[in-house]
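Have a look at the structure below before the remarks.
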Amino acid sequence: MSSGRISDKVAAAVFERARGICEYCGIRIDDTYFGGEIDHIRSRKHGGADEILNLALACQPCNRAKGTDLASIDDLTQKLTPLFNPRTKSWSDHFALEQTGEIIPLTDVGRVTVTLLRLNTEERMDERRGLLELGRLKSSV
(Lines give C-alpha, C1' and ligand atoms only; values in the text may rest on other atoms or scores of the structure.)
Protein backbone atom coordinates (compact mmCIF):
# COMPACT_ATOMS: atom_id res chain seq x y z
CA MET A 1 0.00 0.00 0.00
CA SER A 2 1.18 3.50 -0.75
CA SER A 3 0.05 6.96 0.18
CA GLY A 4 1.77 8.46 -2.88
CA ARG A 5 0.40 9.17 -6.30
CA ILE A 6 -0.07 6.55 -8.99
CA SER A 7 2.90 6.55 -11.36
CA ASP A 8 2.39 7.77 -14.93
CA LYS A 9 3.44 4.32 -16.18
CA VAL A 10 0.79 2.53 -14.10
CA ALA A 11 -1.88 5.12 -15.00
CA ALA A 12 -1.08 4.66 -18.70
CA ALA A 13 -1.36 0.87 -18.33
CA VAL A 14 -4.77 1.22 -16.64
CA PHE A 15 -5.95 3.59 -19.39
CA GLU A 16 -4.73 1.23 -22.11
CA ARG A 17 -6.28 -1.87 -20.51
CA ALA A 18 -9.64 -0.04 -20.33
CA ARG A 19 -9.27 1.17 -23.95
CA GLY A 20 -9.94 4.69 -22.69
CA ILE A 21 -13.45 3.75 -21.49
CA CYS A 22 -14.89 4.22 -17.99
CA GLU A 23 -15.10 0.74 -16.55
CA TYR A 24 -18.27 1.57 -14.62
CA CYS A 25 -20.55 3.45 -17.06
CA GLY A 26 -18.91 2.73 -20.42
CA ILE A 27 -18.39 6.29 -21.59
CA ARG A 28 -15.21 7.09 -23.50
CA ILE A 29 -13.01 9.33 -21.40
CA ASP A 30 -12.42 11.49 -24.51
CA ASP A 31 -16.16 12.22 -24.54
CA THR A 32 -16.21 13.60 -20.99
CA TYR A 33 -15.73 17.18 -19.92
CA PHE A 34 -13.69 16.36 -16.80
CA GLY A 35 -11.70 13.42 -18.16
CA GLY A 36 -10.80 10.18 -16.45
CA GLU A 37 -9.39 9.24 -13.09
CA ILE A 38 -7.70 6.16 -11.73
CA ASP A 39 -10.03 4.48 -9.24
CA HIS A 40 -8.85 2.23 -6.46
CA ILE A 41 -11.43 -0.57 -6.58
CA ARG A 42 -10.54 -1.31 -2.97
CA SER A 43 -9.53 2.08 -1.65
CA ARG A 44 -6.28 2.76 0.15
CA LYS A 45 -8.39 3.53 3.21
CA HIS A 46 -9.57 -0.10 3.18
CA GLY A 47 -6.09 -1.53 2.58
CA GLY A 48 -6.17 -1.42 -1.21
CA ALA A 49 -2.86 -1.28 -3.02
CA ASP A 50 -1.65 0.87 -5.89
CA GLU A 51 -1.30 -2.31 -7.95
CA ILE A 52 -2.76 -2.48 -11.43
CA LEU A 53 -5.11 -5.32 -10.39
CA ASN A 54 -6.73 -2.96 -7.87
CA LEU A 55 -7.12 -0.06 -10.28
CA ALA A 56 -9.79 0.87 -12.79
CA LEU A 57 -10.33 3.72 -15.21
CA ALA A 58 -13.33 5.81 -14.21
CA CYS A 59 -14.91 8.98 -15.52
CA GLN A 60 -15.00 11.70 -12.91
CA PRO A 61 -18.72 11.36 -12.07
CA CYS A 62 -18.39 7.61 -11.47
CA ASN A 63 -15.21 7.94 -9.44
CA ARG A 64 -16.50 10.78 -7.30
CA ALA A 65 -19.79 9.00 -6.59
CA LYS A 66 -18.01 5.73 -5.73
CA GLY A 67 -15.47 7.36 -3.44
CA THR A 68 -14.01 4.82 -1.03
CA ASP A 69 -17.14 2.63 -0.97
CA LEU A 70 -16.82 -1.12 -1.46
CA ALA A 71 -20.48 -2.08 -1.02
CA SER A 72 -23.94 -0.72 -0.35
CA ILE A 73 -27.34 -1.88 0.84
CA ASP A 74 -29.39 -3.36 -2.01
CA ASP A 75 -32.82 -1.71 -2.02
CA LEU A 76 -34.50 -4.95 -3.08
CA THR A 77 -32.86 -7.48 -0.75
CA GLN A 78 -31.86 -5.06 2.03
CA LYS A 79 -28.51 -6.89 2.18
CA LEU A 80 -25.02 -5.45 2.10
CA THR A 81 -23.86 -6.08 -1.47
CA PRO A 82 -20.47 -5.46 -3.08
CA LEU A 83 -20.14 -2.89 -5.84
CA PHE A 84 -19.22 -3.94 -9.36
CA ASN A 85 -15.55 -4.88 -9.62
CA PRO A 86 -14.28 -4.57 -13.20
CA ARG A 87 -11.30 -6.82 -12.45
CA THR A 88 -13.36 -9.81 -11.33
CA LYS A 89 -16.75 -9.33 -12.97
CA SER A 90 -18.06 -8.91 -16.52
CA TRP A 91 -20.01 -5.69 -17.19
CA SER A 92 -22.57 -7.46 -19.38
CA ASP A 93 -23.35 -9.96 -16.62
CA HIS A 94 -24.50 -7.14 -14.34
CA PHE A 95 -25.75 -4.36 -16.65
CA ALA A 96 -27.47 -3.68 -19.96
CA LEU A 97 -27.48 -0.35 -21.80
CA GLU A 98 -30.79 0.68 -23.31
CA GLN A 99 -31.11 2.98 -26.35
CA THR A 100 -32.68 5.49 -23.96
CA GLY A 101 -29.27 5.81 -22.28
CA GLU A 102 -30.46 4.01 -19.16
CA ILE A 103 -28.17 1.41 -17.61
CA ILE A 104 -30.36 -1.50 -16.51
CA PRO A 105 -29.05 -3.47 -13.52
CA LEU A 106 -29.32 -7.23 -14.04
CA THR A 107 -28.11 -8.39 -10.61
CA ASP A 108 -27.91 -7.22 -7.02
CA VAL A 109 -24.34 -6.02 -7.73
CA GLY A 110 -25.70 -4.08 -10.68
CA ARG A 111 -28.49 -2.53 -8.61
CA VAL A 112 -26.22 -1.22 -5.85
CA THR A 113 -23.69 0.06 -8.38
CA VAL A 114 -26.31 1.89 -10.49
CA THR A 115 -27.75 3.45 -7.33
CA LEU A 116 -24.52 4.39 -5.55
CA LEU A 117 -22.76 5.71 -8.66
CA ARG A 118 -25.94 7.56 -9.71
CA LEU A 119 -25.61 6.11 -13.20
CA ASN A 120 -29.18 6.90 -14.23
CA THR A 121 -29.58 10.55 -13.39
CA GLU A 122 -31.37 12.41 -16.16
CA GLU A 123 -28.22 14.23 -17.27
CA ARG A 124 -26.11 11.07 -17.37
CA MET A 125 -28.80 9.26 -19.39
CA ASP A 126 -29.08 12.26 -21.76
CA GLU A 127 -25.32 12.19 -22.26
CA ARG A 128 -25.32 8.45 -23.03
CA ARG A 129 -28.35 8.75 -25.32
CA GLY A 130 -26.58 11.45 -27.34
CA LEU A 131 -23.40 9.40 -27.55
CA LEU A 132 -25.38 6.34 -28.64
CA GLU A 133 -26.99 8.39 -31.43
CA LEU A 134 -23.55 9.56 -32.55
CA GLY A 135 -22.18 6.01 -32.47
CA ARG A 136 -19.71 7.04 -29.73
CA LEU A 137 -21.03 4.54 -27.19
CA LYS A 138 -21.55 0.81 -27.49
CA SER A 139 -24.55 -0.92 -26.00
CA SER A 140 -22.20 -3.27 -24.15
CA VAL A 141 -19.05 -2.24 -22.32
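If you're wondering about the labels, chains in the C-alpha coordinates are A, B, ... by order shown, residues count from 1 in each chain, ligands from 1 in order shown.
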Can you list every residue in range 36-115 of chain A that DSSP puts in strand (DSSP E or B), as a list in words?
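Strand (DSSP E or B) members of range 36-115 of chain A, listed: Gly36, Glu37, Ile38, Asp39, His40, Leu55, Ala56, Leu57, Ala58, Cys59, Ala71, Ser72, Ile73, Leu80, Thr81, Pro82, Phe95, Ala96, Leu97, Ile103, Ile104 and Pro105 of chain A.
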Please provide the set of residues having any atom within 12 Å of Glu102 in chain A, restricted to only C-alpha atoms, with same-chain residues fewer than 6 positions apart removed, written as a list of chain:residue names.
A:Cys25, A:Gly26, A:Phe95, A:Ala96, A:Val114, A:Arg118, A:Leu119, A:Asn120, A:Thr121, A:Glu122, A:Glu123, A:Arg124, A:Met125, A:Asp126, A:Glu127, A:Arg128, A:Arg129, A:Gly130, A:Leu132, A:Ser139
Residue contacts of Thr88 in chain A (12 Å, only C-alpha atoms) excluding same-chain residues fewer than 3 positions away, as a ChimeraX atom specification
/A:23,41,53-56,82-85,91,93-94
Taking into account only C-alpha atoms, which residue in the set A:Lys138, A:Thr113, A:Lys45, A:Ala13 is nearest to Ala65 in chain A?
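The closest residue to Ala65 in chain A is A:Thr113.
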Tell me, in Å to one decimal, how far CA of Ala11 in chain A is from CA of Tyr33 in chain A.
19.0 Å
Thr68 in chain A surroundings by only C-alpha atoms, 7 Å radius, close-in-sequence under 2 positions cut, as a list in words:
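Residues meeting the cut-off are Ser43, Lys66 and Leu70 of chain A.
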DSSP alpha helix (DSSP H) residues within chain A, listed as a PyMOL selection string
chain A and resi 8-17+60-66+91-94+108-116+122-133
Please indicate the distance in Å from CA of Ile52 in chain A to CA of Arg5 in chain A, rounded to one decimal place.
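Separation between CA of Ile52 in chain A and CA of Arg5 in chain A: 13.1 Å.
If you look at CA of Pro105 in chain A and CA of Ser72 in chain A, they are 14.4 Å away from each other.
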